[in-house]
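Engineer: Next up is a structure, given as structure tokens.
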Amino acid sequence: MSEIILEVTDLDKKYKKVHALGGISFQVERGQIFGILGPNGSGKTTTLAILLGILKANKGAFSWFRNGTESVNRKRIGALLETPNFYPYLNAIDNLKIVAKIKEISDPMPAIESALAKVGLSDRAKSKFRTYSLGMKQRLAIGAALLSDPEVLVLDEPTNGLDPMGIVDVRRIILGLKEEGKTIVIASHILDEMEKICTDVIIMRKGKVIREGKLKDIIQDKEHVFIRSSELAKIRELLGTDLLRVVNEQDSLMEFTSNLSSHEINKKLASAHIYCEEIFVKKQSLEQSFLSHIEA
Ligand SMILES: Nc1ncnc2c1ncn2[C@@H]1O[C@H](COP(=O)(O)OP(=O)(O)OP(=O)(O)O)[C@@H](O)[C@H]1O
């Protein structure tokens, strides 16, 4: 049985004139990498700020660990909402000692060493923060969130501004933490990157959830079928209502969605003695899924 780590029900938030969240609901289970995805301004940061007790919702409810909004829950959650202000002239260990003090960790060194190892900074532990690259700064920030060995890690746009190598480093860290059994809630607008790590997602737009589910279901549904043939008109007629939507048609190549699998389509064409030059399918990326929902 999966264990519910977070339950969000009908969360609503207004900032004066801006209706930032219009009643969103979702659940996170233990061990998931749960993506809260959507373009800028869709309400991701507002959602995280409410879940971490920084902002108050106008309506709705949420519960961590089936234990409501009790402040004791916060100790079980490590969060990275924005890059924290580390001291530039201190090294990583001394910076993390300060964080450990704030978090009231009594024996900080083992926790600091373990956190630095997890984010791949052990060999730069004694370098001053100001000598770090942006990627290293971000990894140190994730290390700080890991200091109290939380069950859940909440990250807001952890790859923002990083170069491709920095993005790969953060991806590896997140996947490593999942292997350890941690639950990760991550907000991001970079759908291509999230497609590589999330197990489950909600896609938000203008304060609403427009899509939710297992990542594999979202990117697999409505595969796009491509047919190359000089008899496209005949094929359209033959498929009839099984042809759901023509996405693109150029020269002799048609891209469409259908009720039928490519195998079934091929069979149907063959029985009508239509032999196409090429037939193949492409799974939808998260970005395409998002776009097809807002264009629908
Ligand atoms: N303090 C605030 N006062 C007024 N409006 C706000 C405030 N914070 C956010 N908003 C508005 O609420 C909406 C949701 O913003 P939010 O920052 O939660 O979105 P987001 O998805 O995290 O976007 P981004 O990726 O740009 O951070 C936006 O229209 C934003 O302009």
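Letters A, B, ... go to the chains of the structure tokens in the order shown; residues in each chain start at 1; ligands are counted from 1 in the same order.
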From a DSSP calculation on the backbone, collect every residue of region 11-137 of chain A in strand (DSSP E or B) and output the set as a ChimeraX atom specification.
Structural biologist: /A:11-15,18-29,33-37,59-64,77-80,91,128
Engineer: Please save C-alpha atoms of the selected residues as a PDB file, in the first residue's frame.
Structural biologist:
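Once everything was written out, this is out.pdb:
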```pdb
ATOM      1  CA  LEU A  11      -6.232  25.294  -2.159  1.00  0.00           C
ATOM      2  CA  ASP A  12      -7.154  28.834  -3.109  1.00  0.00           C
ATOM      3  CA  LYS A  13      -5.054  31.978  -2.859  1.00  0.00           C
ATOM      4  CA  LYS A  14      -5.669  35.585  -3.849  1.00  0.00           C
ATOM      5  CA  TYR A  15      -3.113  38.391  -3.733  1.00  0.00           C
ATOM      6  CA  VAL A  18      -4.422  38.373  -8.623  1.00  0.00           C
ATOM      7  CA  HIS A  19      -6.183  35.040  -8.202  1.00  0.00           C
ATOM      8  CA  ALA A  20      -2.958  32.988  -7.934  1.00  0.00           C
ATOM      9  CA  LEU A  21      -4.533  29.628  -7.027  1.00  0.00           C
ATOM     10  CA  GLY A  22      -8.048  28.689  -8.031  1.00  0.00           C
ATOM     11  CA  GLY A  23      -8.718  25.542  -5.973  1.00  0.00           C
ATOM     12  CA  ILE A  24      -5.971  23.024  -6.605  1.00  0.00           C
ATOM     13  CA  SER A  25      -5.936  19.475  -5.243  1.00  0.00           C
ATOM     14  CA  PHE A  26      -3.356  16.700  -5.442  1.00  0.00           C
ATOM     15  CA  GLN A  27      -1.680  13.947  -3.444  1.00  0.00           C
ATOM     16  CA  VAL A  28       1.952  12.944  -3.065  1.00  0.00           C
ATOM     17  CA  GLU A  29       2.949   9.420  -2.074  1.00  0.00           C
ATOM     18  CA  ILE A  33       9.503  12.532  -7.407  1.00  0.00           C
ATOM     19  CA  PHE A  34       6.462  14.736  -7.727  1.00  0.00           C
ATOM     20  CA  GLY A  35       6.649  17.575 -10.238  1.00  0.00           C
ATOM     21  CA  ILE A  36       4.559  20.724  -9.866  1.00  0.00           C
ATOM     22  CA  LEU A  37       4.980  21.996 -13.389  1.00  0.00           C
ATOM     23  CA  LYS A  59      -9.406  28.558   1.293  1.00  0.00           C
ATOM     24  CA  GLY A  60      -8.695  24.852   1.186  1.00  0.00           C
ATOM     25  CA  ALA A  61      -6.528  22.571   3.254  1.00  0.00           C
ATOM     26  CA  PHE A  62      -3.375  20.492   3.201  1.00  0.00           C
ATOM     27  CA  SER A  63      -1.945  17.794   5.407  1.00  0.00           C
ATOM     28  CA  TRP A  64       1.628  16.504   5.666  1.00  0.00           C
ATOM     29  CA  ILE A  77      10.832  18.389   5.410  1.00  0.00           C
ATOM     30  CA  GLY A  78      13.925  19.946   3.827  1.00  0.00           C
ATOM     31  CA  ALA A  79      13.152  22.896   1.585  1.00  0.00           C
ATOM     32  CA  LEU A  80      14.892  25.031  -0.966  1.00  0.00           C
ATOM     33  CA  ASN A  91      33.848  27.678   3.339  1.00  0.00           C
ATOM     34  CA  LYS A 128      35.319  29.597   0.248  1.00  0.00           C
TER      35      LYS A 128
END
```
Engineer: Quick one: everything within 12 Å of region 284-289 of chain A, counting only C-alpha atoms, minus sequence neighbours fewer than 3 positions away in the same chain. Send it as a VMD selection string.
Structural biologist: chain A and resid 35 37 to 39 189 to 198 200 to 203 210 to 225 247 256 to 257 281 292 to 296
Engineer: From a DSSP pass on the backbone, collect the residues of region 192-294 of chain A flagged as alpha helix (DSSP H) and hand them back as a VMD selection string.
Structural biologist: chain A and resid 192 to 197 215 to 220 232 to 239 262 to 271 286 to 294
Engineer: Just want the 10 Å neighbourhood of Asn73 (chain A), counted on only C-alpha atoms, with same-chain residues fewer than 5 positions away dropped. Output as a list of chain:residue names.
Structural biologist: A:Leu52, A:Ser63, A:Trp64, A:Phe65, A:Arg66, A:Asn67, A:Gly68
Engineer: Can those selected residues be exported to a file as a PDB file, in the first residue's frame so that it contains N, CA and C atoms?
Structural biologist:
```
ATOM      1  N   LEU A  52       4.673  25.122   2.899  1.00  0.00           N
ATOM      2  CA  LEU A  52       5.771  25.234   3.866  1.00  0.00           C
ATOM      3  C   LEU A  52       5.440  26.218   4.983  1.00  0.00           C
ATOM      4  N   SER A  63      -2.380  18.589   4.264  1.00  0.00           N
ATOM      5  CA  SER A  63      -1.945  17.794   5.407  1.00  0.00           C
ATOM      6  C   SER A  63      -0.670  17.051   5.034  1.00  0.00           C
ATOM      7  N   TRP A  64       0.375  17.236   5.851  1.00  0.00           N
ATOM      8  CA  TRP A  64       1.628  16.504   5.666  1.00  0.00           C
ATOM      9  C   TRP A  64       1.586  15.272   6.551  1.00  0.00           C
ATOM     10  N   PHE A  65       2.015  14.167   6.079  1.00  0.00           N
ATOM     11  CA  PHE A  65       2.166  12.925   6.855  1.00  0.00           C
ATOM     12  C   PHE A  65       0.869  12.559   7.587  1.00  0.00           C
ATOM     13  N   ARG A  66      -0.257  12.908   7.026  1.00  0.00           N
ATOM     14  CA  ARG A  66      -1.571  12.673   7.645  1.00  0.00           C
ATOM     15  C   ARG A  66      -1.660  13.322   9.019  1.00  0.00           C
ATOM     16  N   ASN A  67      -0.941  14.417   9.179  1.00  0.00           N
ATOM     17  CA  ASN A  67      -0.818  15.053  10.482  1.00  0.00           C
ATOM     18  C   ASN A  67      -1.114  16.544  10.382  1.00  0.00           C
ATOM     19  N   GLY A  68      -1.914  16.928   9.410  1.00  0.00           N
ATOM     20  CA  GLY A  68      -2.337  18.323   9.279  1.00  0.00           C
ATOM     21  C   GLY A  68      -1.187  19.263   9.002  1.00  0.00           C
TER      22      GLY A  68
END
```
Engineer: For Asp169 (chain A), find every residue with an atom within 9 Å (counting only C-alpha atoms), except residues of its own chain fewer than 2 positions away, and show them as a ChimeraX atom specification.
Structural biologist: /A:119-120,135,139,164-167,171-174
